[in-house]
Amino acid sequence: KSAGDPLKGVAFAVSVAGSDPSAGAGLQVDLKTMTACGVWGMTVVAALTAQNANHVTSTASVEPEFIGQQIAALEEDFPIGCYKTGMLKNAETVRAVARSLPEDRELVIDPVLLATREYRLLDEGGERELVESLIPRASVVTPNLPEAKVLSGIDIVDAASMEEAASWFLDLGAKSVVIKGGHADFRKATDVFADKNGTVLLHGNVYPLEDVHGSGCCFASAIASHIALGYPVREACAEAKLFVDGAIRYAVEYAPGRFTMNPGW
Ligand code: PLP
């Protein structure tokens, strides 16, 4: 089994995502989350951002071949239990990741499109490439409502259309999907998990904070951590939901009025 080697006591998970220098989201919060979940987290830098607690000021891409080299270097040494992807910036980056990831690895895809601070983190070509070459390989894909709407074209307005969108991701080839309900004005903070066995609701507490930076990154990397630890995907998602609930509850106000996830809770 590839989920680390329990005999050695170390499970390995890799985030392939963008850097957030403020460490509230992206690779940095992924690594904190993996550490908190008891996993040896590793990072493949696939994109860069300049941002602080208030806004993203710019982004940059990483040479596609260099993304492949980072993955190849890790593959040489570590029994990687799960990969997680986050911000991938453009189609070239998505293609490089799809090309470089070994076929048989567990893969959590967080389809990051837009920062809460209204900055595009994946261009339109990248959206198409994500749908064509990466989502069909996902063990689980974790769109929030706006991402699920953009990718599926389904107008999600209630619980039934949320399930319809979940089916759209399964029809694409993803083995399972979690549509996150954090942005919903119905059944708020309830996520829909779906796989070929059916649908399960993942309930969370509603907290009075509107915008907690990095929540999606933290959720996806907590799922990847639990898969690397050997949990079945559905249980990994349920555990990750509990973990994220705590990281929101104890969110850090890292600038006045600006909150970010606290995986160290
Ligand atoms: N910056 C990077 C590098 C990210 O990967 C993400 C992840 O979604 C974000 C920003 C967006 O964070 P949020 O929308 O939670 O503010």
# chains A, B, ... in the order shown; residues from 1 in each chain; ligands from 1

call {"tool": "residues_near_ligand", "arguments": {"ligand": "ligand 1", "cutoff": "8 Å", "atoms": "only C-alpha atoms and all ligand atoms", "output": "ChimeraX atom specification"}}
result
/A:17-20,24-27,47-49,51,56,86-87,110,112-117,121,211-217

call {"tool": "write_last_selection", "arguments": {"atoms": "C-alpha atoms", "output": "JSON list (two decimals), in the first residue's frame"}}
result
[["chain", "number", "residue", "atom", "x", "y", "z"],
["A", 17, "ALA", "CA", -0.03, 24.51, -5.09],
["A", 18, "GLY", "CA", 0.76, 28.23, -4.94],
["A", 19, "SER", "CA", 2.81, 30.08, -2.35],
["A", 20, "ASP", "CA", 1.07, 32.57, -0.05],
["A", 24, "GLY", "CA", -2.70, 31.98, 5.64],
["A", 25, "ALA", "CA", -3.45, 29.91, 2.53],
["A", 26, "GLY", "CA", -1.64, 28.00, -0.20],
["A", 27, "LEU", "CA", 1.41, 25.83, 0.31],
["A", 47, "ALA", "CA", 2.77, 29.01, -8.66],
["A", 48, "LEU", "CA", 3.60, 32.14, -6.67],
["A", 49, "THR", "CA", 1.59, 35.01, -5.26],
["A", 51, "GLN", "CA", -0.20, 38.92, -0.97],
["A", 56, "VAL", "CA", -3.28, 39.70, -3.62],
["A", 86, "GLY", "CA", -4.40, 23.94, -5.10],
["A", 87, "MET", "CA", -3.70, 27.15, -7.05],
["A", 110, "ASP", "CA", -9.02, 21.75, -4.70],
["A", 112, "VAL", "CA", -8.96, 27.04, -6.75],
["A", 113, "LEU", "CA", -10.27, 29.66, -9.19],
["A", 114, "LEU", "CA", -10.54, 32.97, -7.37],
["A", 115, "ALA", "CA", -9.15, 34.31, -4.10],
["A", 116, "THR", "CA", -11.79, 35.57, -1.68],
["A", 117, "ARG", "CA", -10.02, 38.90, -2.20],
["A", 121, "LEU", "CA", -5.75, 32.44, -9.35],
["A", 211, "ASP", "CA", -14.17, 35.43, 5.38],
["A", 212, "VAL", "CA", -11.59, 33.10, 6.89],
["A", 213, "HIS", "CA", -8.64, 33.06, 4.54],
["A", 214, "GLY", "CA", -7.29, 29.65, 3.56],
["A", 215, "SER", "CA", -10.25, 27.49, 4.62],
["A", 216, "GLY", "CA", -10.41, 25.62, 1.29],
["A", 217, "CYS", "CA", -6.66, 24.91, 1.28]]

call {"tool": "select_by_dssp", "arguments": {"residues": "segment 3-173 of chain A", "states": "strand (DSSP E)", "output": "PyMOL selection string"}}
result
chain A and resi 12-19+40-51+56-61+80-85+107-109+114-115+119-120+140-141

call {"tool": "atom_distance", "arguments": {"atom1": "atom CA of Cys82 of chain A", "atom2": "atom CA of Val108 of chain A"}}
result
7.5 Å

call {"tool": "residues_around", "arguments": {"residues": "segment 92-101 of chain A", "least_positions_apart": "6", "cutoff": "6 Å", "atoms": "only C-alpha atoms", "output": "PyMOL selection string"}}
result
chain A and resi 64+68+134

call {"tool": "write_last_selection", "arguments": {"atoms": "N, CA and C atoms", "output": "tab-separated table (two decimals), in the first residue's frame"}}
result
chain	number	residue	atom	x	y	z
A	64	PRO	N	7.01	24.96	-16.26
A	64	PRO	CA	6.37	23.64	-16.22
A	64	PRO	C	7.37	22.50	-15.99
A	68	GLY	N	7.67	19.48	-12.88
A	68	GLY	CA	7.90	18.05	-13.08
A	68	GLY	C	9.14	17.56	-12.35
A	134	LEU	N	-7.29	16.91	-15.14
A	134	LEU	CA	-6.97	16.63	-13.74
A	134	LEU	C	-8.17	16.12	-12.94

call {"tool": "atom_distance", "arguments": {"atom1": "atom CA of Phe219 of chain A", "atom2": "atom CA of Glu65 of chain A"}}
result
28.3 Å

call {"tool": "closest_residue", "arguments": {"among": "A:Ile154, A:Ala53, A:Leu130, A:Leu229", "to": "Ala255 of chain A", "atoms": "only C-alpha atoms"}}
result
A:Ala53

call {"tool": "residues_around", "arguments": {"residues": "His226 of chain A", "least_positions_apart": "5", "cutoff": "8 Å", "atoms": "only C-alpha atoms", "output": "PyMOL selection string"}}
result
chain A and resi 37+231+236+239-240

call {"tool": "atom_distance", "arguments": {"atom1": "atom CA of Val233 of chain A", "atom2": "atom CA of Val140 of chain A"}}
result
7.5 Å

call {"tool": "residues_around", "arguments": {"residues": "Arg137 of chain A", "least_positions_apart": "5", "cutoff": "8 Å", "atoms": "only C-alpha atoms", "output": "MDAnalysis selection string"}}
result
chainID A and resid 107 173:175

call {"tool": "select_by_dssp", "arguments": {"residues": "segment 83-210 of chain A", "states": "alpha helix (DSSP H)", "output": "MDAnalysis selection string"}}
result
chainID A and resid 91:100 124:129 145:152 159:172

call {"tool": "write_last_selection", "arguments": {"atoms": "C-alpha atoms", "output": "short mmCIF file (atom, residue, chain, number, x, y, z; two decimals), in the first residue's frame"}}
result
data_model
loop_
_atom_site.label_atom_id
_atom_site.label_comp_id
_atom_site.auth_asym_id
_atom_site.auth_seq_id
_atom_site.Cartn_x
_atom_site.Cartn_y
_atom_site.Cartn_z
CA ALA A 91 -3.32 25.73 -18.46
CA GLU A 92 0.41 25.09 -18.88
CA THR A 93 0.79 24.58 -15.14
CA VAL A 94 -2.22 22.26 -14.97
CA ARG A 95 -0.85 20.23 -17.90
CA ALA A 96 2.59 19.99 -16.27
CA VAL A 97 1.04 18.69 -13.04
CA ALA A 98 -1.19 16.20 -14.89
CA ARG A 99 1.81 14.94 -16.87
CA SER A 100 4.09 14.63 -13.86
CA GLU A 124 -9.96 30.43 -18.21
CA GLY A 125 -7.69 28.13 -20.20
CA GLY A 126 -6.60 26.65 -16.89
CA GLU A 127 -10.23 25.99 -15.92
CA ARG A 128 -10.76 23.99 -19.12
CA GLU A 129 -7.53 22.05 -18.61
CA LEU A 145 -20.25 26.69 -4.40
CA PRO A 146 -18.93 29.43 -6.72
CA GLU A 147 -16.31 27.01 -8.13
CA ALA A 148 -18.87 24.25 -8.61
CA LYS A 149 -21.16 26.69 -10.44
CA VAL A 150 -18.45 27.97 -12.79
CA LEU A 151 -17.04 24.52 -13.61
CA SER A 152 -20.35 22.64 -14.01
CA ALA A 159 -29.89 21.22 -1.85
CA ALA A 160 -31.18 19.46 -5.00
CA SER A 161 -29.04 21.49 -7.41
CA MET A 162 -26.05 20.94 -5.10
CA GLU A 163 -26.51 17.18 -5.57
CA GLU A 164 -26.93 17.66 -9.31
CA ALA A 165 -23.57 19.46 -9.38
CA ALA A 166 -22.01 16.64 -7.35
CA SER A 167 -23.20 14.15 -10.02
CA TRP A 168 -21.63 16.32 -12.73
CA PHE A 169 -18.19 15.88 -11.10
CA LEU A 170 -18.67 12.12 -10.75
CA ASP A 171 -19.73 11.89 -14.40
CA LEU A 172 -16.46 13.62 -15.34
#

call {"tool": "residues_around", "arguments": {"residues": "Ser15 of chain A", "least_positions_apart": "6", "cutoff": "12 Å", "atoms": "only C-alpha atoms", "output": "ChimeraX atom specification"}}
result
/A:25-34,39-47,67,70-71,74,80-88,97,101,107-110,217-218,220-225

call {"tool": "closest_residue", "arguments": {"among": "A:Leu122, A:Ala251, A:Leu242, A:Ala73", "to": "Ser61 of chain A", "atoms": "only C-alpha atoms"}}
result
A:Leu122

call {"tool": "closest_residue", "arguments": {"among": "A:Ala13, A:Ala50, A:Val178, A:Ala194", "to": "Gly38 of chain A", "atoms": "only C-alpha atoms"}}
result
A:Ala13
